Amino acid sequence: MGFYLGIDFGTSGARAIVIDAKRQIQAERQLEFTESSDWSQCWQTTLFQLIEQIPVSLRRELSAIALNGTSSTVLLCDRSGNPITPPLLYNDARGRDTLEEIRAVAPPQQITLSATSSLAKLRWWYHHLQPADTPLYFLHQADWLAFQLHGKIGISDYHNALKLGYDVENLCYPDWLEPLTAPFKLPQVLAPGTPIGEILPPMRDRFHFPPDCLVCAGTTDSIAAFLASGATSPGEAVTSLGSTLVIKLLSHTRIDEAASGIYSHRLGNLWLVGGASNTGGAVLRHFFSDVELAELSQQINPEQPSLLDYYPLLQPGDRFPINDPNLLPRLEPHPDNPVDFLQGLLEGIARIEALGYQRLQALGATPLTRVYTAGGGTKNLTWMRMRDRYLNVPVIPSPQTEAAYGSALLSYGNFS
Ligand SMILES: Nc1ncnc2c1ncn2[C@@H]1O[C@H](COP(=O)(O)OP(=O)(O)O)[C@@H](O)[C@H]1O
Ligand SMILES: O=C(CO)[C@H](O)[C@H](O)COP(=O)(O)O
C-alpha cells in the first residue's frame with residue numbers, strides 16, 4: 001500500500017502522476033483535450049481514460065487522490081452532479097457586466113472584481129438562466145471532477161473558492177457575499193488536501209482501487225505547479241508558462257489590488273501573491289507550432305533586445321498586471337522574419353512577467369530571490385535567458401514542472 005495520484009486538468013489537456021511514499025514518480029500519463037462542444041462530458045471522459053492508463057498494479061495500491069483544475073472554470077449542477085448548463089471556462093469574461101453590482105457590496109480590492117472571476121460568472125448565470133425549482137450547486141472544475149470519484153456534492157477547497165469571494169483568512173463566506181449568491185448553493189470549503197471521503201464503490205470496482213482509497217480536496221492548476229516546484233522559502237516564486245502566464249511569489253505579506261489583478265492565496269501561514277495574465281503560450285501556439293517554437297528560438301540571441309514593443313494577447317482584455325477587460329493586444333509591426341516576430345512575442349511576455357513582479361514588490365511583497373519556471377515554456381532556454389535579463393534574479397526550471405506532481409503531493413498530505 002502507499003501510492004498517491006495527482007491529476008491536473010490544465011487548459012489544453014490533462015495529466016496524471018502517481019508517486020510513492022518517497023515522492024518518486026512511478027507513472028505519468030497525459031491526454032490532450034479534443035475540441036469540444038460539451039466540456040463537462042470531455043473532462044469526465046478524459047478523467048476516466050487517464051485513470052485507465054495508469055498501471056493496474058499501482059491503482060490497486062492507491063492510498064489517496066487529489067485533482068487540480070483551471071482556476072475560475074465553473075459549473076452549475078443539480079444535486080446529482082449533472083451540469084444544467086455548459087461550464088464557463090477560466091478566461092470567459094461575459095461576467096464583465098456584473099462587476100458594478102459586485103463593486104457595490106464587495107471590499108474595494110477584492111479579486112472577485114474581475115470580469116473572469118467565479119463570482120462574476122455566478123452573477124451572469126443569475127441574470128441569464130431561468131429560475132429552477134430544484135437546488136442548483138455552484139462548483140469549480142476541480143470540485144466537479146473530484147465529485148465523480150467521491151460522490152459528495154458541493155465540496156471545494158479554499159484555493160478554488162478564493163475567486164468566488166471566500167474569506168481565506170477567516171475561513172468563511174463573508175456576509176457581503178450572501179445576497180449576491182442566492183439562490184445558488186455554494187460549496188462547503190475545506191483546506192486543500194483534506195480527505196473528503198473514500199472512493200465511490202462503482203469507481204473502486206471499475207478502476208480496481210482499494211476500498212479505503214481517499215479522495216482529497218484539490219487546488220488550482222497554477223498552485224499545483226507551485227507545490228510541484230519545491231519552492232518553500234518566502235521570496236521564491238514560480239512562473240507558470242502554460243497557455244497563460246501565471247506568477248506566484250511566496251510572501252509573508254498578503255497583497256490584494258484589483259486594478260492590477262493581484263490577489264493572495266493562502267498557503268499554510270504564508271501567502272502566495274500574484275496574478276494570472278491572458279498572455280502566454282496560447283498566443284505563441286496561435287502563430288507557431290511547438291516544433292517551430294523550438295527551432296526558431298535557437299536562432300534568437302537572448303542578449304540582444306528586440307525593438308518590438310508587443311503586448312501579446314489573442315483578443316482584447318487582460319487580468320494581470322493590468323486588470324482591464326478591454327485592454328487591446330499590441331502585435332504591430334509584424335516583421336517578415338519569423339525569428340524577429342517570435343523574439344518580439346517572447347520579450348513582450350517576459351516584460352509582462354517582469355512588470356507583474358515589479359508591481360508585487362512595489363506593493364510590499366517579500367523581496368524576490370529566485371524564479372522557478374513550470375509549464376510548456378520551461379523547455380525554451382533562450383526565453384529563460386531573456387527572462388533572467390528582465391527579472392534580475394536567477395530563473396531556473398522547477399525540478400518538477402508538472403502540476404499533477406503538486407496534486408500528488410497534496411494527496412500525500414504534504415500541504416494540508
Ligand atoms: N519551445 C517552446 N517555447 C515556448 N513555449 C512553448 C514551447 N513549446 C511549447 N510551448 C507552449 O507551451 C504551452 C503548453 O504548455 P502547458 O503547460 O501544457 O499548458 P496548459 O497546461 O496551460 O495547457 C503551449 O501554449 C505552447 O505554446
Ligand atoms: O489562467 C489560468 C488558467 O490556467 C490560471 O489557472 C489561473 O487564472 C490562476 O489562478 P489561481 O491563482 O487561482 O491558481
# chains A, B, ... in the order shown; residues from 1 in each chain; ligands from 1
>>> residues_around(residues="A:Lys379", least_positions_apart="6", cutoff="12 Å", atoms="only C-alpha atoms", output="PyMOL selection string")
chain A and resi 241-242+290-291+293-295+297-298+373+385+396-398+401
>>> write_last_selection(atoms="N, CA and C atoms", output="tab-separated table (two decimals), in the first residue's frame")
chain	number	residue	atom	x	y	z
A	241	LEU	N	4.42	29.04	-17.27
A	241	LEU	CA	4.34	29.44	-18.68
A	241	LEU	C	3.61	28.35	-19.43
A	242	GLY	N	2.30	28.28	-19.21
A	242	GLY	CA	1.46	27.34	-19.95
A	242	GLY	C	0.73	28.11	-21.03
A	290	ASP	N	4.80	23.84	-32.00
A	290	ASP	CA	5.81	23.65	-30.96
A	290	ASP	C	7.19	23.38	-31.58
A	291	VAL	N	7.20	22.69	-32.72
A	291	VAL	CA	8.48	22.41	-33.40
A	291	VAL	C	9.09	23.72	-33.88
A	293	LEU	N	8.54	26.66	-32.64
A	293	LEU	CA	8.97	27.42	-31.45
A	293	LEU	C	10.36	27.00	-31.03
A	294	ALA	N	10.59	25.68	-31.00
A	294	ALA	CA	11.90	25.17	-30.56
A	294	ALA	C	12.98	25.59	-31.57
A	295	GLU	N	12.70	25.42	-32.87
A	295	GLU	CA	13.74	25.70	-33.88
A	295	GLU	C	14.05	27.19	-33.98
A	297	SER	N	13.49	29.57	-31.83
A	297	SER	CA	14.06	30.14	-30.60
A	297	SER	C	15.57	30.00	-30.57
A	298	GLN	N	16.06	28.89	-31.15
A	298	GLN	CA	17.52	28.68	-31.15
A	298	GLN	C	18.25	29.72	-32.00
A	373	THR	N	10.42	27.98	-12.94
A	373	THR	CA	9.51	28.04	-14.09
A	373	THR	C	8.86	26.69	-14.31
A	385	ARG	N	16.79	32.75	-20.62
A	385	ARG	CA	17.87	33.73	-20.53
A	385	ARG	C	17.34	35.16	-20.66
A	396	ILE	N	15.16	29.61	-13.07
A	396	ILE	CA	15.57	28.21	-13.22
A	396	ILE	C	14.35	27.31	-13.42
A	397	PRO	N	14.50	26.22	-14.17
A	397	PRO	CA	13.37	25.30	-14.32
A	397	PRO	C	13.04	24.67	-12.97
A	398	SER	N	11.76	24.48	-12.69
A	398	SER	CA	11.40	23.76	-11.46
A	398	SER	C	11.93	22.33	-11.56
A	401	THR	N	8.11	20.08	-12.94
A	401	THR	CA	7.34	21.18	-13.56
A	401	THR	C	5.86	20.85	-13.71
>>> residues_near_ligand(ligand="ligand 1", cutoff="10 Å", atoms="only C-alpha atoms and all ligand atoms", output="MDAnalysis selection string")
chainID A and resid 8:15 30 32:33 69:70 221:222 225 240:246 279:298 342 346 374:384 401:403
>>> residues_around(residues="stretch 228-232 of chain A", least_positions_apart="2", cutoff="12 Å", atoms="only C-alpha atoms", output="MDAnalysis selection string")
chainID A and resid 6 8 17 19 23 25 221:226 234:240 248:252 267:272 369:375 396:410 414:415
>>> select_by_dssp(residues="stretch 197-355 of chain A", states="strand (DSSP E or B)", output="PyMOL selection string")
chain A and resi 197-198+214-216+219-220+236-241+245-251+257+262-267+270-277+311+318+324+330
>>> write_last_selection(atoms="N, CA and C atoms", output="compact mmCIF listing (two decimals), in the first residue's frame")
# COMPACT_ATOMS: atom_id res chain seq x y z
N GLY A 197 -13.51 11.86 1.39
CA GLY A 197 -14.19 10.59 1.62
C GLY A 197 -13.54 9.49 0.81
N GLU A 198 -14.04 8.28 1.02
CA GLU A 198 -13.49 7.14 0.27
C GLU A 198 -14.04 7.13 -1.14
N LEU A 214 -8.63 7.27 -0.53
CA LEU A 214 -9.30 8.54 -0.18
C LEU A 214 -9.25 9.52 -1.34
N VAL A 215 -10.32 10.31 -1.50
CA VAL A 215 -10.31 11.41 -2.45
C VAL A 215 -10.20 12.69 -1.62
N CYS A 216 -9.23 13.54 -1.96
CA CYS A 216 -8.93 14.71 -1.13
C CYS A 216 -9.36 16.00 -1.82
N THR A 219 -6.94 21.69 -5.60
CA THR A 219 -6.38 23.03 -5.68
C THR A 219 -6.54 23.54 -7.12
N THR A 220 -5.89 24.66 -7.44
CA THR A 220 -5.94 25.18 -8.80
C THR A 220 -4.68 24.73 -9.55
N GLU A 236 10.81 33.13 -2.85
CA GLU A 236 10.88 32.25 -4.03
C GLU A 236 9.54 32.32 -4.77
N ALA A 237 9.63 32.27 -6.09
CA ALA A 237 8.42 32.40 -6.90
C ALA A 237 8.39 31.34 -7.98
N VAL A 238 7.20 31.11 -8.50
CA VAL A 238 7.05 30.22 -9.66
C VAL A 238 6.26 30.95 -10.72
N THR A 239 6.82 30.98 -11.94
CA THR A 239 6.06 31.47 -13.09
C THR A 239 5.60 30.25 -13.88
N SER A 240 4.29 30.13 -14.10
CA SER A 240 3.78 29.04 -14.94
C SER A 240 3.62 29.58 -16.36
N LEU A 241 4.42 29.04 -17.27
CA LEU A 241 4.34 29.44 -18.68
C LEU A 241 3.61 28.35 -19.43
N LEU A 245 0.03 33.00 -18.59
CA LEU A 245 1.19 33.34 -17.75
C LEU A 245 0.69 33.58 -16.33
N VAL A 246 1.14 32.77 -15.40
CA VAL A 246 0.70 32.95 -14.02
C VAL A 246 1.93 33.08 -13.13
N ILE A 247 1.95 34.10 -12.26
CA ILE A 247 3.08 34.20 -11.35
C ILE A 247 2.60 34.08 -9.90
N LYS A 248 3.43 33.44 -9.10
CA LYS A 248 3.10 33.25 -7.68
C LYS A 248 4.38 33.40 -6.86
N LEU A 249 4.36 34.33 -5.91
CA LEU A 249 5.52 34.59 -5.06
C LEU A 249 5.14 34.26 -3.62
N LEU A 250 5.96 33.46 -2.97
CA LEU A 250 5.69 33.11 -1.57
C LEU A 250 6.11 34.30 -0.70
N SER A 251 5.15 34.81 0.06
CA SER A 251 5.37 36.09 0.75
C SER A 251 4.84 36.04 2.18
N GLU A 257 -4.85 43.79 -4.93
CA GLU A 257 -5.06 45.05 -5.62
C GLU A 257 -5.84 44.78 -6.90
N ILE A 262 -4.08 41.65 -8.75
CA ILE A 262 -3.20 40.95 -7.81
C ILE A 262 -4.02 40.44 -6.62
N TYR A 263 -3.78 39.18 -6.26
CA TYR A 263 -4.54 38.59 -5.16
C TYR A 263 -3.63 37.62 -4.42
N SER A 264 -4.09 37.15 -3.28
CA SER A 264 -3.27 36.29 -2.43
C SER A 264 -4.02 35.00 -2.09
N HIS A 265 -3.40 33.90 -2.42
CA HIS A 265 -3.89 32.60 -1.95
C HIS A 265 -3.22 32.29 -0.63
N ARG A 266 -3.93 31.57 0.20
CA ARG A 266 -3.35 31.16 1.48
C ARG A 266 -2.53 29.89 1.29
N LEU A 267 -1.33 29.86 1.85
CA LEU A 267 -0.54 28.62 1.84
C LEU A 267 0.05 28.45 3.23
N LEU A 270 1.67 31.37 5.25
CA LEU A 270 2.24 32.34 4.31
C LEU A 270 1.21 32.65 3.22
N TRP A 271 1.62 33.52 2.29
CA TRP A 271 0.71 33.90 1.19
C TRP A 271 1.37 33.65 -0.14
N LEU A 272 0.58 33.20 -1.06
CA LEU A 272 1.04 33.07 -2.45
C LEU A 272 0.46 34.27 -3.19
N VAL A 273 1.28 35.29 -3.38
CA VAL A 273 0.76 36.52 -4.01
C VAL A 273 1.10 36.51 -5.49
N GLY A 274 0.22 37.05 -6.30
CA GLY A 274 0.49 37.05 -7.73
C GLY A 274 -0.75 37.31 -8.55
N GLY A 275 -0.71 36.88 -9.79
CA GLY A 275 -1.83 37.09 -10.68
C GLY A 275 -1.67 36.26 -11.94
N ALA A 276 -2.70 36.30 -12.78
CA ALA A 276 -2.72 35.49 -14.00
C ALA A 276 -3.05 36.37 -15.18
N SER A 277 -2.18 36.32 -16.19
CA SER A 277 -2.39 37.12 -17.40
C SER A 277 -2.92 36.24 -18.52
N TYR A 311 2.35 43.68 -26.68
CA TYR A 311 1.60 43.16 -25.54
C TYR A 311 0.80 42.00 -26.12
N ASP A 318 -7.16 41.86 -20.51
CA ASP A 318 -6.21 41.14 -19.67
C ASP A 318 -6.66 41.24 -18.22
N ASP A 324 -7.96 44.81 -17.04
CA ASP A 324 -8.82 45.64 -17.89
C ASP A 324 -9.42 44.74 -18.98
N ARG A 330 -1.20 44.31 -28.50
CA ARG A 330 -0.27 45.12 -29.31
C ARG A 330 0.66 44.14 -30.01
>>> select_by_dssp(residues="stretch 125-319 of chain A", states="helix (DSSP H, G or I)", output="JSON, numbers by chain")
{"A": [125, 126, 127, 128, 141, 142, 143, 144, 145, 146, 147, 148, 149, 150, 160, 161, 162, 163, 164, 175, 176, 177, 178, 179, 180, 181, 201, 202, 203, 204, 205, 206, 207, 221, 222, 223, 224, 225, 226, 227, 228, 229, 258, 259, 260, 281, 282, 283, 284, 285, 286, 287, 290, 291, 292, 293, 294, 295, 296, 297]}
>>> residues_around(residues="A:Ala132", least_positions_apart="2", cutoff="10 Å", atoms="only C-alpha atoms", output="MDAnalysis selection string")
chainID A and resid 78 84 129:130 134:136 183:184
>>> closest_residue(among="A:Gln141, A:Asn278, A:Gln41, A:Asn392", to="A:Gln315", atoms="only C-alpha atoms")
A:Asn278
>>> closest_residue(among="A:Glu52, A:Asp38, A:Asp20, A:Asp92", to="ligand 2", atoms="only C-alpha atoms and all ligand atoms")
A:Asp92
>>> atom_distance(atom1="atom CA of A:Pro195", atom2="atom 7 (C, counted along the ligand's line) of ligand 2")
23.7 Å
>>> closest_residue(among="A:Glu353, A:Glu332, A:Asp97, A:Asp157", to="A:Gln188", atoms="only C-alpha atoms")
A:Asp157
>>> residues_around(residues="A:Arg389", least_positions_apart="2", cutoff="12 Å", atoms="only C-alpha atoms", output="short mmCIF file (atom, residue, chain, number, x, y, z; two decimals) with C-alpha atoms, in the first residue's frame")
data_model
loop_
_atom_site.label_atom_id
_atom_site.label_comp_id
_atom_site.auth_asym_id
_atom_site.auth_seq_id
_atom_site.Cartn_x
_atom_site.Cartn_y
_atom_site.Cartn_z
CA PRO A 302 18.74 36.45 -26.00
CA GLU A 303 21.34 39.11 -25.10
CA GLN A 304 20.27 41.36 -27.97
CA PRO A 305 16.98 43.12 -27.07
CA GLU A 347 10.16 39.56 -24.98
CA ALA A 350 8.84 38.46 -20.46
CA ARG A 351 8.15 42.18 -19.93
CA GLU A 353 6.06 38.90 -16.26
CA ALA A 354 8.66 41.43 -15.04
CA THR A 382 16.55 31.13 -24.92
CA TRP A 383 13.43 32.51 -23.28
CA MET A 384 14.78 31.60 -19.85
CA ARG A 385 17.87 33.73 -20.53
CA MET A 386 15.76 36.68 -21.77
CA ARG A 387 13.59 36.49 -18.65
CA LEU A 391 13.87 39.89 -13.83
CA ASN A 392 17.40 40.37 -12.47
CA VAL A 393 17.20 37.22 -10.33
CA PRO A 394 18.09 33.63 -11.26
CA VAL A 395 15.43 31.99 -13.46
#
>>> closest_atom_pairs(of="stretch 132-201 of chain A", to="stretch 112-126 of chain A", cutoff="12 Å", atoms="only C-alpha atoms", output="Markdown table")
| residue | atom | partner | partner_atom | distance |
| --- | --- | --- | --- | --- |
| A:Ala132 | CA | A:Tyr126 | CA | 10.6 |
| A:Leu136 | CA | A:Tyr126 | CA | 10.9 |
| A:Tyr137 | CA | A:Leu122 | CA | 10.7 |
| A:Phe138 | CA | A:Leu122 | CA | 7.8 |
| A:Leu139 | CA | A:Ser118 | CA | 9.5 |
| A:His140 | CA | A:Ser118 | CA | 8.3 |
| A:Gln141 | CA | A:Ser118 | CA | 11.0 |
| A:Asn160 | CA | A:Ser118 | CA | 9.1 |
| A:Ala161 | CA | A:Ser118 | CA | 8.2 |
| A:Leu162 | CA | A:Thr112 | CA | 8.2 |
| A:Lys163 | CA | A:Thr112 | CA | 5.3 |
| A:Leu164 | CA | A:Leu119 | CA | 4.6 |
| A:Gly165 | CA | A:Thr112 | CA | 6.0 |
| A:Tyr166 | CA | A:Thr112 | CA | 9.6 |
| A:Asp167 | CA | A:Thr112 | CA | 11.4 |
| A:Leu177 | CA | A:Leu119 | CA | 9.1 |
| A:Glu178 | CA | A:Leu119 | CA | 11.3 |
| A:Pro179 | CA | A:Arg123 | CA | 10.8 |
| A:Leu180 | CA | A:Arg123 | CA | 7.2 |
| A:Thr181 | CA | A:Leu122 | CA | 7.2 |
| A:Ala182 | CA | A:Tyr126 | CA | 8.7 |
| A:Pro183 | CA | A:Tyr126 | CA | 8.5 |
| A:Phe184 | CA | A:Leu122 | CA | 8.5 |
| A:Lys185 | CA | A:Leu122 | CA | 10.8 |
| A:Leu186 | CA | A:Leu122 | CA | 10.2 |
>>> closest_residue(among="A:Gly154, A:Gly95, A:Gly261, A:Pro210", to="ligand 2", atoms="only C-alpha atoms and all ligand atoms")
A:Gly261
>>> closest_residue(among="A:Gln109, A:Asn82, A:Thr73, A:Gln358", to="ligand 2", atoms="only C-alpha atoms and all ligand atoms")
A:Thr73
>>> residues_around(residues="stretch 202-204 of chain A", least_positions_apart="4", cutoff="12 Å", atoms="only C-alpha atoms", output="ChimeraX atom specification")
/A:47-48,51-52,56,59-62,146-151,198,208-215
>>> atom_distance(atom1="atom CA of A:Leu145", atom2="atom CA of A:Ser40")
9.0 Å
>>> residues_around(residues="A:Gly317", least_positions_apart="4", cutoff="9 Å", atoms="only C-alpha atoms", output="VMD selection string")
chain A and resid 93 278 313 322 to 329
>>> closest_residue(among="A:Ser37, A:Ser80, A:Ser72, A:Gln49", to="ligand 2", atoms="only C-alpha atoms and all ligand atoms")
A:Ser72
